[in-house]
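Engineer: Following this line is start38.cif, made up of mmCIF, C-alpha atoms:
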```cif
data_query
#
loop_
_atom_site.label_atom_id
_atom_site.label_comp_id
_atom_site.auth_asym_id
_atom_site.auth_seq_id
_atom_site.Cartn_x
_atom_site.Cartn_y
_atom_site.Cartn_z
CA MET A 1 8.85 -10.50 26.12
CA ARG A 2 5.92 -8.26 26.99
CA THR A 3 2.91 -9.87 28.63
CA ASP A 4 0.50 -6.95 28.78
CA THR A 5 -2.02 -5.67 26.22
CA ILE A 6 -1.38 -3.02 23.58
CA ARG A 7 -4.11 -1.25 21.64
CA ALA A 8 -3.15 -0.94 17.96
CA ALA A 9 -4.65 1.16 15.17
CA ALA A 10 -4.35 0.75 11.40
CA VAL A 11 -5.40 3.85 9.46
CA GLN A 12 -7.12 3.63 6.06
CA ILE A 13 -7.73 7.15 4.77
CA ALA A 14 -7.18 9.08 1.55
CA PRO A 15 -4.16 11.35 1.10
CA ASP A 16 -4.31 14.91 -0.15
CA LEU A 17 -3.17 14.55 -3.77
CA SER A 18 -2.50 18.28 -4.05
CA SER A 19 -0.09 18.95 -1.19
CA ARG A 20 2.24 17.48 1.38
CA ALA A 21 0.86 19.87 4.00
CA GLY A 22 -2.67 18.62 3.43
CA THR A 23 -1.69 14.99 3.90
CA ILE A 24 0.34 15.80 7.02
CA GLU A 25 -2.73 17.49 8.48
CA ARG A 26 -4.71 14.29 7.87
CA VAL A 27 -1.96 12.27 9.57
CA LEU A 28 -2.00 14.48 12.66
CA ASN A 29 -5.80 14.38 12.86
CA ALA A 30 -5.81 10.58 12.55
CA ILE A 31 -3.18 10.23 15.29
CA ALA A 32 -5.34 12.35 17.59
CA GLU A 33 -8.48 10.39 16.75
CA ALA A 34 -6.80 7.01 17.25
CA ALA A 35 -5.17 8.14 20.50
CA ASP A 36 -8.53 9.39 21.79
CA LYS A 37 -9.77 5.82 21.27
CA GLY A 38 -6.92 4.42 23.33
CA ALA A 39 -4.47 3.49 20.56
CA GLU A 40 -0.83 3.19 21.60
CA PHE A 41 0.53 1.99 18.23
CA ILE A 42 -0.63 3.57 14.95
CA VAL A 43 0.25 2.51 11.38
CA PHE A 44 -0.35 4.53 8.20
CA PRO A 45 -0.36 3.35 4.55
CA GLU A 46 2.62 3.00 2.20
CA THR A 47 4.26 6.31 1.14
CA PHE A 48 1.19 8.07 2.48
CA VAL A 49 2.97 11.44 2.59
CA PRO A 50 2.40 13.16 0.27
CA TYR A 51 0.76 10.22 -1.61
CA TYR A 52 1.56 6.93 -3.28
CA PRO A 53 2.68 7.47 -6.94
CA TYR A 54 -0.46 5.99 -8.46
CA PHE A 55 0.35 7.79 -11.71
CA SER A 56 3.24 5.39 -12.33
CA PHE A 57 0.82 2.44 -12.52
CA VAL A 58 -1.45 3.89 -15.20
CA LEU A 59 0.78 6.25 -17.23
CA PRO A 60 3.46 5.21 -19.74
CA PRO A 61 6.98 6.46 -18.91
CA VAL A 62 6.86 9.17 -21.58
CA GLN A 63 3.91 10.80 -19.76
CA GLN A 64 5.29 10.53 -16.22
CA GLY A 65 7.65 13.50 -16.25
CA ALA A 66 5.29 16.16 -14.89
CA PRO A 67 3.69 14.08 -12.08
CA HIS A 68 7.10 12.64 -11.14
CA LEU A 69 8.57 16.14 -10.81
CA GLU A 70 5.53 17.19 -8.77
CA LEU A 71 6.21 14.28 -6.42
CA TYR A 72 9.81 15.50 -6.05
CA LYS A 73 8.44 18.89 -5.06
CA GLU A 74 6.06 17.50 -2.45
CA ALA A 75 8.31 14.70 -1.10
CA VAL A 76 9.59 14.74 2.47
CA THR A 77 13.17 15.23 3.62
CA VAL A 78 14.30 13.71 6.92
CA PRO A 79 14.48 15.62 9.20
CA SER A 80 12.06 18.35 8.18
CA PRO A 81 9.20 20.43 9.62
CA GLU A 82 6.85 17.58 8.60
CA THR A 83 8.74 14.87 10.45
CA ARG A 84 9.10 17.13 13.47
CA ALA A 85 5.34 17.76 13.48
CA VAL A 86 4.60 14.02 13.50
CA ALA A 87 7.26 13.43 16.17
CA GLU A 88 5.78 16.11 18.39
CA CYS A 89 2.28 14.71 17.94
CA ALA A 90 3.53 11.22 18.87
CA ARG A 91 5.24 12.68 21.95
CA LYS A 92 2.22 14.64 23.11
CA ARG A 93 -0.07 11.67 22.70
CA GLY A 94 2.44 9.11 23.98
CA VAL A 95 1.98 6.84 20.96
CA VAL A 96 4.25 4.93 18.58
CA VAL A 97 3.64 5.92 14.94
CA VAL A 98 4.71 4.12 11.76
CA LEU A 99 4.45 6.41 8.74
CA GLY A 100 5.18 5.76 5.09
CA ILE A 101 6.66 8.65 3.12
CA ASN A 102 8.19 9.51 -0.22
CA GLU A 103 11.62 10.56 1.03
CA ARG A 104 13.70 12.98 -1.03
CA ASP A 105 17.46 12.64 -0.66
CA ASN A 106 19.02 15.18 -3.01
CA GLY A 107 18.31 13.90 -6.54
CA SER A 108 16.55 10.65 -5.59
CA LEU A 109 13.26 9.55 -4.08
CA TYR A 110 12.82 6.54 -1.79
CA ASN A 111 9.93 4.54 -0.38
CA THR A 112 10.67 5.13 3.29
CA GLN A 113 9.18 3.93 6.55
CA LEU A 114 9.56 6.03 9.68
CA ILE A 115 8.99 4.67 13.19
CA PHE A 116 8.47 7.38 15.81
CA ASP A 117 8.65 6.23 19.42
CA ALA A 118 6.25 7.52 22.06
CA ASP A 119 8.82 10.05 23.29
CA GLY A 120 8.94 11.66 19.83
CA SER A 121 12.30 10.22 18.85
CA LEU A 122 12.83 8.71 15.40
CA ALA A 123 13.52 5.07 16.24
CA LEU A 124 14.00 3.94 12.64
CA LYS A 125 14.23 5.29 9.12
CA ARG A 126 14.36 2.53 6.51
CA ARG A 127 13.97 2.36 2.74
CA LYS A 128 12.18 -0.30 0.72
CA ILE A 129 14.96 -2.55 -0.54
CA THR A 130 13.48 -3.22 -4.00
CA PRO A 131 10.72 -1.10 -5.53
CA THR A 132 8.16 -3.21 -7.35
CA TYR A 133 7.49 -3.20 -11.10
CA HIS A 134 6.27 0.33 -12.03
CA GLU A 135 7.75 1.75 -8.80
CA ARG A 136 11.26 1.32 -10.18
CA MET A 137 10.62 4.35 -12.38
CA VAL A 138 10.05 6.41 -9.22
CA TRP A 139 12.20 5.23 -6.29
CA GLY A 140 15.75 4.17 -5.59
CA GLN A 141 16.70 1.05 -3.65
CA GLY A 142 17.19 0.72 0.09
CA ASP A 143 19.86 -1.31 1.88
CA GLY A 144 20.35 -3.92 4.59
CA ALA A 145 20.88 -1.31 7.28
CA GLY A 146 17.13 -0.71 7.37
CA LEU A 147 16.22 -4.35 8.02
CA LYS A 148 16.18 -3.67 11.73
CA VAL A 149 13.85 -4.31 14.65
CA VAL A 150 13.73 -1.46 17.17
CA GLN A 151 12.75 -1.36 20.81
CA THR A 152 9.84 1.01 21.41
CA LYS A 153 7.40 1.78 24.18
CA VAL A 154 5.04 -0.91 22.86
CA GLY A 155 7.71 -3.56 22.32
CA ARG A 156 10.04 -4.74 19.56
CA VAL A 157 8.79 -3.36 16.23
CA GLY A 158 9.84 -4.28 12.70
CA ALA A 159 8.50 -2.96 9.40
CA LEU A 160 8.33 -3.86 5.72
CA ALA A 161 6.50 -2.27 2.80
CA CYS A 162 4.20 -4.01 0.35
CA TRP A 163 5.89 -6.73 -1.75
CA GLU A 164 8.94 -6.79 0.51
CA HIS A 165 6.78 -9.37 2.25
CA TYR A 166 7.37 -11.62 -0.76
CA ASN A 167 11.09 -11.57 0.00
CA PRO A 168 11.36 -14.36 2.60
CA LEU A 169 14.91 -13.45 3.60
CA ALA A 170 13.90 -9.85 4.34
CA ARG A 171 11.15 -11.14 6.59
CA TYR A 172 13.51 -13.64 8.18
CA ALA A 173 16.02 -10.87 8.93
CA LEU A 174 13.36 -9.24 11.13
CA MET A 175 12.25 -12.54 12.61
CA THR A 176 15.79 -13.30 13.80
CA GLN A 177 15.64 -10.02 15.74
CA HIS A 178 12.51 -11.25 17.57
CA GLU A 179 9.98 -8.67 16.43
CA GLU A 180 6.85 -8.64 18.56
CA ILE A 181 4.77 -6.28 16.42
CA HIS A 182 5.22 -6.10 12.67
CA ALA A 183 4.13 -2.91 10.89
CA ALA A 184 3.13 -3.43 7.26
CA HIS A 185 1.57 -1.20 4.68
CA PHE A 186 0.43 -1.27 1.07
CA PRO A 187 -0.85 1.51 -1.23
CA GLY A 188 -4.49 0.35 -1.37
CA SER A 189 -6.86 1.33 -4.19
CA LEU A 190 -4.67 -0.54 -6.64
CA VAL A 191 -4.84 -3.60 -8.93
CA GLY A 192 -8.28 -4.79 -7.82
CA PRO A 193 -9.86 -7.34 -5.44
CA ILE A 194 -7.16 -9.95 -6.09
CA PHE A 195 -4.62 -7.63 -4.46
CA ALA A 196 -6.68 -7.51 -1.26
CA GLU A 197 -6.86 -11.30 -1.21
CA GLN A 198 -3.11 -11.59 -1.65
CA ILE A 199 -2.45 -9.05 1.10
CA GLU A 200 -4.61 -10.98 3.55
CA VAL A 201 -2.79 -14.27 2.82
CA THR A 202 0.59 -12.58 3.16
CA MET A 203 -0.19 -10.81 6.43
CA ARG A 204 -1.64 -13.91 8.07
CA HIS A 205 1.28 -16.02 6.93
CA HIS A 206 3.88 -13.62 8.34
CA ALA A 207 2.08 -13.49 11.67
CA LEU A 208 2.07 -17.28 11.87
CA GLU A 209 5.64 -17.75 10.70
CA ALA A 210 7.13 -14.94 12.80
CA GLY A 211 4.95 -15.57 15.84
CA CYS A 212 4.18 -11.86 16.06
CA PHE A 213 1.29 -9.43 15.65
CA VAL A 214 0.88 -7.79 12.25
CA VAL A 215 -0.70 -4.35 11.91
CA ASN A 216 -1.27 -3.51 8.25
CA ALA A 217 -2.60 -0.28 6.74
CA THR A 218 -3.66 0.26 3.14
CA GLY A 219 -4.61 3.57 1.54
CA TRP A 220 -7.86 4.68 -0.03
CA LEU A 221 -8.72 6.80 -3.06
CA THR A 222 -12.05 8.58 -3.51
CA GLU A 223 -13.84 8.42 -6.86
CA SER A 224 -12.92 12.03 -7.59
CA GLN A 225 -9.26 11.27 -6.87
CA ILE A 226 -9.34 8.27 -9.20
CA THR A 227 -10.73 10.49 -11.97
CA GLU A 228 -8.05 13.09 -11.22
CA ILE A 229 -5.27 10.52 -11.62
CA HIS A 230 -6.57 9.26 -14.97
CA PRO A 231 -9.74 10.07 -16.95
CA ASP A 232 -9.93 6.73 -18.83
CA PRO A 233 -12.60 4.48 -17.19
CA LEU A 234 -10.72 1.38 -18.36
CA LEU A 235 -7.50 2.38 -16.60
CA GLN A 236 -9.45 3.58 -13.56
CA LYS A 237 -10.26 -0.08 -12.86
CA GLY A 238 -6.61 -0.46 -11.83
CA LEU A 239 -7.11 2.20 -9.16
CA ARG A 240 -9.85 0.41 -7.24
CA GLY A 241 -9.86 -2.47 -4.79
CA GLY A 242 -6.69 -3.77 -3.19
CA CYS A 243 -7.62 -2.56 0.31
CA MET A 244 -6.98 -4.89 3.25
CA THR A 245 -6.36 -2.91 6.41
CA CYS A 246 -6.08 -5.57 9.07
CA ILE A 247 -4.68 -6.54 12.46
CA ILE A 248 -3.57 -10.16 12.82
CA SER A 249 -2.64 -12.21 15.90
CA PRO A 250 0.39 -14.55 16.14
CA GLU A 251 -2.12 -17.37 15.57
CA GLY A 252 -3.00 -15.93 12.16
CA ARG A 253 -6.43 -14.65 13.15
CA HIS A 254 -8.05 -11.31 12.43
CA LEU A 255 -8.48 -9.39 15.67
CA ALA A 256 -11.12 -7.16 14.06
CA PRO A 257 -13.03 -7.32 10.77
CA PRO A 258 -10.68 -5.90 8.10
CA LEU A 259 -11.36 -2.66 6.26
CA THR A 260 -11.66 -3.33 2.53
CA GLU A 261 -13.29 -0.10 1.37
CA GLY A 262 -13.86 3.43 2.57
CA GLU A 263 -12.03 5.43 5.19
CA GLY A 264 -11.68 4.38 8.80
CA ILE A 265 -9.41 3.47 11.67
CA LEU A 266 -9.22 -0.20 12.62
CA LEU A 267 -8.60 -0.85 16.32
CA ALA A 268 -7.70 -4.04 18.18
CA ASP A 269 -6.12 -5.07 21.46
CA LEU A 270 -2.93 -7.10 21.21
CA ASP A 271 -2.61 -9.65 24.02
CA MET A 272 1.16 -9.97 24.06
CA LYS A 273 0.98 -13.34 25.86
CA LEU A 274 -0.14 -14.85 22.54
CA ILE A 275 3.42 -14.49 21.23
CA THR A 276 4.74 -17.05 23.71
CA LYS A 277 1.70 -19.25 23.15
CA ARG A 278 2.52 -19.40 19.44
CA LYS A 279 6.30 -19.72 19.81
CA ARG A 280 5.95 -22.54 22.31
CA MET A 281 4.68 -24.57 19.37
CA MET A 282 6.82 -23.11 16.57
CA ASP A 283 9.67 -20.66 16.98
CA SER A 284 11.06 -20.29 13.45
CA VAL A 285 14.30 -18.69 14.63
CA GLY A 286 14.66 -20.74 17.83
CA HIS A 287 13.79 -24.34 18.59
CA TYR A 288 12.28 -24.87 15.12
CA ALA A 289 15.32 -23.48 13.28
CA ARG A 290 18.24 -25.49 11.91
CA PRO A 291 20.99 -22.86 11.64
CA GLU A 292 23.68 -25.50 11.09
CA LEU A 293 21.86 -26.36 7.84
CA LEU A 294 20.28 -23.03 6.84
CA HIS A 295 21.15 -19.55 8.04
CA LEU A 296 20.95 -15.97 6.78
CA ILE A 297 23.93 -13.72 6.08
CA HIS A 298 22.73 -10.13 6.48
CA ASP A 299 24.91 -7.22 5.37
CA THR A 300 23.87 -4.44 7.75
CA ARG A 301 26.19 -1.77 6.37
CA PRO A 302 24.50 1.33 4.92
CA ALA A 303 24.99 1.56 1.16
CA THR A 304 27.11 4.58 0.22
CA PRO A 305 28.38 5.83 -3.14
CA ARG A 306 31.64 7.01 -1.58
CA ALA A 307 34.05 5.82 1.08
CA ALA A 308 36.66 8.30 2.29
CA MET A 309 40.16 6.84 2.52
CA HIS A 310 42.66 8.09 5.10
CA PHE A 311 46.40 7.51 4.89
CA PRO A 312 49.20 8.45 7.29
CA PRO A 313 51.24 11.53 6.30
CA ASP A 314 54.26 9.34 5.42
CA PHE A 315 52.29 7.03 3.10
CA PRO A 316 54.32 6.92 -0.17
CA ALA A 317 52.55 8.69 -3.01
CA ASP A 318 53.60 6.02 -5.49
CA SER A 319 52.32 3.10 -3.40
CA PRO A 320 49.30 1.16 -4.71
CA VAL A 321 45.99 2.09 -3.12
CA PRO A 322 44.59 -0.83 -1.07
CA ALA A 323 41.31 -2.39 -2.12
CA PRO A 324 38.23 -1.40 -0.08
CA ALA A 325 37.68 -3.57 2.96
CA GLN A 326 34.81 -6.04 2.62
CA SER A 327 34.21 -6.43 6.33
CA ALA A 328 32.05 -4.22 8.49
CA ALA A 329 35.21 -2.70 9.98
CA LYS A 330 35.64 0.88 8.81
CA ALA A 331 39.42 1.26 8.93
CA PRO A 332 40.97 2.52 6.71
CA PHE A 333 37.57 3.56 5.32
CA GLU A 334 35.16 5.89 7.03
CA GLU A 335 31.69 5.40 5.56
CA ASN A 336 29.68 8.56 4.91
CA GLU A 337 32.50 10.80 6.13
CA ASP A 338 32.83 14.19 4.50
CA ALA A 339 36.15 15.02 2.92
#
```
I need this file expressed as structure tokens, please.
Structural biologist:
Amino acid sequence: MRTDTIRAAAVQIAPDLSSRAGTIERVLNAIAEAADKGAEFIVFPETFVPYYPYFSFVLPPVQQGAPHLELYKEAVTVPSPETRAVAECARKRGVVVVLGINERDNGSLYNTQLIFDADGSLALKRRKITPTYHERMVWGQGDGAGLKVVQTKVGRVGALACWEHYNPLARYALMTQHEEIHAAHFPGSLVGPIFAEQIEVTMRHHALEAGCFVVNATGWLTESQITEIHPDPLLQKGLRGGCMTCIISPEGRHLAPPLTEGEGILLADLDMKLITKRKRMMDSVGHYARPELLHLIHDTRPATPRAAMHFPPDFPADSPVPAPAQSAAKAPFEENEDA
């Protein structure tokens, strides 16, 4: 358990709704600005690159074809020149970066979180396990392999996106891996003020229950961007509010006044000794747990639409094919192996 102090930054800025390259430029500039202010850990909003699919919240499905295809065009593949640019910026600045992207994987899009370590390596790529409501028209589902806490320069980092925080078992999966800093992000500029209130409650609760720091970033839309997404003033109301960029201590306290409107970078120092102070009183996966009564079964295998089967040369052609193994053991199946 770390006992030093880490400076964290949560970035609340607007994306470039016209291009992936424009948003990446804003990401790189924000990393530089935060690093110049001493930040060692930097979190960006949900699917910030190229932008959150706000259109899916205000358009009926029959009108979503064109903007959905545009999102396919501007989405990020991993790896790509964009991910390498962010990795190189993290390496040069010596910072850990958590970035939300729309990831394109062949014919599907995913709500993906990337954690770049301070040496520029990609420590984690995970996909939101269940897109929420309107998002199901846009993204596919993630799997249990992404519910992972990774060791980074700043400590043990876990991440969830938006309403994944309303899935207590997903949060518990990270808690059992002893996350020290939890990276969270939401779209921002969505739903209205009630969304901001709900985000604050959720972030403070996770910090208390997990005994960790929470660094949460929400996005921001300008008035001109709101008009660009939809011209109807009535529907534009659904594209305002919902911003709660915040940094929370393991005791559930704000470490800086949260950002609820406008662009900015929130900074706070994380005194890592507070983790032990909190867990001395309540360690939800240690002395306060009752695993003989309640425990989590977590399937960590990556989901795959195909498993390659291998048989010895003398395997009889008329023999029945064995059923796929249900354990994590790969034999006789090799997950994700090319034929």
Engineer: Starting from the displayed file, determine the output of the PyMOL selection byres ((chain A and resi 289-296) around 10) and express the residue list as a short mmCIF file (atom, residue, chain, number, x, y, z; two decimals) with C-alpha atoms, in the coordinates of the input.
Structural biologist:
```
data_model
loop_
_atom_site.label_atom_id
_atom_site.label_comp_id
_atom_site.auth_asym_id
_atom_site.auth_seq_id
_atom_site.Cartn_x
_atom_site.Cartn_y
_atom_site.Cartn_z
CA LEU A 169 14.91 -13.45 3.60
CA ALA A 170 13.90 -9.85 4.34
CA TYR A 172 13.51 -13.64 8.18
CA ALA A 173 16.02 -10.87 8.93
CA THR A 176 15.79 -13.30 13.80
CA MET A 282 6.82 -23.11 16.57
CA ASP A 283 9.67 -20.66 16.98
CA SER A 284 11.06 -20.29 13.45
CA VAL A 285 14.30 -18.69 14.63
CA GLY A 286 14.66 -20.74 17.83
CA HIS A 287 13.79 -24.34 18.59
CA TYR A 288 12.28 -24.87 15.12
CA ILE A 297 23.93 -13.72 6.08
CA HIS A 298 22.73 -10.13 6.48
CA ASP A 299 24.91 -7.22 5.37
#
```
Engineer: Please return, as a list in words, all polymer residues that have at least one atom within 7 Å of the point (-7.5, 5.0, 0.6); use all atoms listed in the file and the file's own coordinate frame.
Structural biologist: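 Result, sorted by chain then residue number: Gln12, Ile13, Ala14, Gly188, Ser189, Thr218, Gly219, Trp220, Leu221, Gly262 and Glu263 of chain A.
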Engineer: For the selection just defined, write its residues with C-alpha atoms to a file, as a PDB file, in the frame of the given file.
Structural biologist:
```pdb
ATOM      1  CA  GLN A  12      -7.120   3.630   6.060  1.00  0.00           C
ATOM      2  CA  ILE A  13      -7.730   7.150   4.770  1.00  0.00           C
ATOM      3  CA  ALA A  14      -7.180   9.080   1.550  1.00  0.00           C
ATOM      4  CA  GLY A 188      -4.490   0.350  -1.370  1.00  0.00           C
ATOM      5  CA  SER A 189      -6.860   1.330  -4.190  1.00  0.00           C
ATOM      6  CA  THR A 218      -3.660   0.260   3.140  1.00  0.00           C
ATOM      7  CA  GLY A 219      -4.610   3.570   1.540  1.00  0.00           C
ATOM      8  CA  TRP A 220      -7.860   4.680  -0.030  1.00  0.00           C
ATOM      9  CA  LEU A 221      -8.720   6.800  -3.060  1.00  0.00           C
ATOM     10  CA  GLY A 262     -13.860   3.430   2.570  1.00  0.00           C
ATOM     11  CA  GLU A 263     -12.030   5.430   5.190  1.00  0.00           C
TER      12      GLU A 263
END
```
Engineer: Evaluate the PyMOL selection byres ((chain A and resi 245) around 12) on the structure here and hand back the selected residues as a PyMOL selection string.
Structural biologist: chain A and resi 9-13+43-46+183-189+195-197+199-200+203+214-220+241-244+246-248+254-268
Engineer: Taking all atoms of region 312-316 of chain A that appear in the file, build a box with edges along x, y and z, extend it by 6 Å on every side, and state its centre and edge lengths in Å to one decimal, as JSON.
Structural biologist:
```
{"center_x": 51.8, "center_y": 9.2, "center_z": 3.6, "size_x": 17.1, "size_y": 16.6, "size_z": 19.5}
```
Engineer: With distances taken over all atoms listed in the file, which residue among A:Val86, A:Ala210, A:Gly192, A:Thr47 lies nearest Cys162 (chain A)?
Structural biologist: A:Thr47
Engineer: For CA of Val138 (chain A) and CA of Thr112 (chain A), quote the distance in Å rounded to one decimal.
Structural biologist: 12.6 Å
Engineer: To verify the selection step, state as a JSON list (two decimals) with C-alpha atoms, in the coordinates of the input which residues the PyMOL selection byres ((chain A and resi 213) around 9) yields on this input.
Structural biologist:
```json
[["chain", "number", "residue", "atom", "x", "y", "z"],
["A", 179, "GLU", "CA", 9.98, -8.67, 16.43],
["A", 180, "GLU", "CA", 6.85, -8.64, 18.56],
["A", 181, "ILE", "CA", 4.77, -6.28, 16.42],
["A", 182, "HIS", "CA", 5.22, -6.10, 12.67],
["A", 183, "ALA", "CA", 4.13, -2.91, 10.89],
["A", 206, "HIS", "CA", 3.88, -13.62, 8.34],
["A", 207, "ALA", "CA", 2.08, -13.49, 11.67],
["A", 208, "LEU", "CA", 2.07, -17.28, 11.87],
["A", 210, "ALA", "CA", 7.13, -14.94, 12.80],
["A", 211, "GLY", "CA", 4.95, -15.57, 15.84],
["A", 212, "CYS", "CA", 4.18, -11.86, 16.06],
["A", 214, "VAL", "CA", 0.88, -7.79, 12.25],
["A", 215, "VAL", "CA", -0.70, -4.35, 11.91],
["A", 247, "ILE", "CA", -4.68, -6.54, 12.46],
["A", 248, "ILE", "CA", -3.57, -10.16, 12.82],
["A", 249, "SER", "CA", -2.64, -12.21, 15.90],
["A", 250, "PRO", "CA", 0.39, -14.55, 16.14],
["A", 251, "GLU", "CA", -2.12, -17.37, 15.57],
["A", 252, "GLY", "CA", -3.00, -15.93, 12.16],
["A", 270, "LEU", "CA", -2.93, -7.10, 21.21],
["A", 272, "MET", "CA", 1.16, -9.97, 24.06],
["A", 274, "LEU", "CA", -0.14, -14.85, 22.54],
["A", 275, "ILE", "CA", 3.42, -14.49, 21.23]]
```
Engineer: Quick one: pull the distance between CA of Thr3 (chain A) and CA of Asp36 (chain A), Å, one decimal.
Structural biologist: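 Value for the CA of Thr3 (chain A)-CA of Asp36 (chain A) distance: 23.4 Å.
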Engineer: What is the distance between CA of Phe116 (chain A) and CA of Val96 (chain A), in Å to one decimal?
Structural biologist: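 Taking CA of Phe116 (chain A) as the start and CA of Val96 (chain A) as the end point, the length is 5.6 Å.
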Engineer: Looking at A:Ile101, A:Met309, A:Ala39, A:Ala87, which one is nearest to Val154 (chain A), with distances taken over only C-alpha atoms?
Structural biologist: A:Ala39
Engineer: When you look at region 49-60 of chain A with a cut-off of 6 Å (counting all atoms listed in the file), what residues show up, excluding the ones that are within fewer than 3 positions of it in the same chain? I need them as a ChimeraX atom specification.
Structural biologist: /A:15,20,23,63,101,134
Engineer: When distances are computed from all atoms listed in the file, which of A:Met137, A:Ile129, A:Ala21, A:Ala66 shows the smallest separation from Asn167 (chain A)?
Structural biologist: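 Among the listed residues, the smallest separation from Asn167 (chain A) belongs to A:Ile129.
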Engineer: Nearest to Leu69 (chain A) among A:Leu109, A:Leu28, A:Ala118, A:Val98, with distances taken over only C-alpha atoms: which residue is it?
Structural biologist: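 Smallest distance to Leu69 (chain A) is found for A:Leu109.
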Engineer: Residues around (13.3, 8.5, -0.7), cut-off 10 Å, counting only C-alpha atoms - what are they as a list in words?
Structural biologist: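 Residues satisfying the cut-off, written out: Thr47, Tyr72, Ala75, Val76, Thr77, Val78, Ile101, Asn102, Glu103, Arg104, Asp105, Asn106, Gly107, Ser108, Leu109, Tyr110, Asn111, Thr112, Gln113, Arg126, Arg127, Lys128, Val138, Trp139, Gly140, Gln141 and Gly142 of chain A.
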Engineer: Contacts of Ile115 (chain A) at 7 Å or less, counting all atoms listed in the file, minus same-chain residues fewer than 6 places along, as a list in words?
Structural biologist: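 Once the nearby chain positions are removed, what remains is Val97, Val98, Leu99, Leu122, Ala123, Leu124 and Lys125 of chain A.
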Engineer: Add whatever atoms are absent from region 223-234 of chain A to reach N, CA, C and O atoms, and provide the output as a PDB file, in the coordinates of the input.
Structural biologist:
```pdb
ATOM      1  N   GLU A 223     -13.530   8.464  -5.428  1.00  0.00           N
ATOM      2  CA  GLU A 223     -13.840   8.420  -6.860  1.00  0.00           C
ATOM      3  C   GLU A 223     -13.310   9.657  -7.581  1.00  0.00           C
ATOM      4  O   GLU A 223     -12.823   9.564  -8.711  1.00  0.00           O
ATOM      5  N   SER A 224     -13.417  10.801  -6.950  1.00  0.00           N
ATOM      6  CA  SER A 224     -12.920  12.030  -7.590  1.00  0.00           C
ATOM      7  C   SER A 224     -11.398  11.982  -7.731  1.00  0.00           C
ATOM      8  O   SER A 224     -10.845  12.478  -8.734  1.00  0.00           O
ATOM      9  N   GLN A 225     -10.708  11.389  -6.767  1.00  0.00           N
ATOM     10  CA  GLN A 225      -9.260  11.270  -6.870  1.00  0.00           C
ATOM     11  C   GLN A 225      -8.868  10.304  -7.992  1.00  0.00           C
ATOM     12  O   GLN A 225      -7.894  10.540  -8.717  1.00  0.00           O
ATOM     13  N   ILE A 226      -9.611   9.220  -8.126  1.00  0.00           N
ATOM     14  CA  ILE A 226      -9.340   8.270  -9.200  1.00  0.00           C
ATOM     15  C   ILE A 226      -9.478   8.949 -10.560  1.00  0.00           C
ATOM     16  O   ILE A 226      -8.631   8.792 -11.454  1.00  0.00           O
ATOM     17  N   THR A 227     -10.523   9.752 -10.727  1.00  0.00           N
ATOM     18  CA  THR A 227     -10.730  10.490 -11.970  1.00  0.00           C
ATOM     19  C   THR A 227      -9.613  11.501 -12.198  1.00  0.00           C
ATOM     20  O   THR A 227      -9.178  11.730 -13.336  1.00  0.00           O
ATOM     21  N   GLU A 228      -9.131  12.104 -11.124  1.00  0.00           N
ATOM     22  CA  GLU A 228      -8.050  13.090 -11.220  1.00  0.00           C
ATOM     23  C   GLU A 228      -6.755  12.429 -11.690  1.00  0.00           C
ATOM     24  O   GLU A 228      -5.997  13.026 -12.472  1.00  0.00           O
ATOM     25  N   ILE A 229      -6.503  11.206 -11.238  1.00  0.00           N
ATOM     26  CA  ILE A 229      -5.270  10.520 -11.620  1.00  0.00           C
ATOM     27  C   ILE A 229      -5.299  10.108 -13.086  1.00  0.00           C
ATOM     28  O   ILE A 229      -4.300  10.240 -13.798  1.00  0.00           O
ATOM     29  N   HIS A 230      -6.450   9.617 -13.557  1.00  0.00           N
ATOM     30  CA  HIS A 230      -6.570   9.260 -14.970  1.00  0.00           C
ATOM     31  C   HIS A 230      -8.042   9.304 -15.392  1.00  0.00           C
ATOM     32  O   HIS A 230      -8.895   8.738 -14.704  1.00  0.00           O
ATOM     33  N   PRO A 231      -8.340   9.929 -16.534  1.00  0.00           N
ATOM     34  CA  PRO A 231      -9.740  10.070 -16.950  1.00  0.00           C
ATOM     35  C   PRO A 231     -10.317   8.834 -17.660  1.00  0.00           C
ATOM     36  O   PRO A 231     -11.533   8.742 -17.825  1.00  0.00           O
ATOM     37  N   ASP A 232      -9.466   7.887 -18.070  1.00  0.00           N
ATOM     38  CA  ASP A 232      -9.930   6.730 -18.830  1.00  0.00           C
ATOM     39  C   ASP A 232     -10.593   5.716 -17.888  1.00  0.00           C
ATOM     40  O   ASP A 232      -9.941   5.160 -17.003  1.00  0.00           O
ATOM     41  N   PRO A 233     -11.898   5.436 -18.062  1.00  0.00           N
ATOM     42  CA  PRO A 233     -12.600   4.480 -17.190  1.00  0.00           C
ATOM     43  C   PRO A 233     -11.951   3.092 -17.181  1.00  0.00           C
ATOM     44  O   PRO A 233     -11.985   2.406 -16.157  1.00  0.00           O
ATOM     45  N   LEU A 234     -11.355   2.690 -18.300  1.00  0.00           N
ATOM     46  CA  LEU A 234     -10.720   1.380 -18.360  1.00  0.00           C
ATOM     47  C   LEU A 234      -9.509   1.318 -17.435  1.00  0.00           C
ATOM     48  O   LEU A 234      -9.333   0.356 -16.679  1.00  0.00           O
TER      49      LEU A 234
END
```
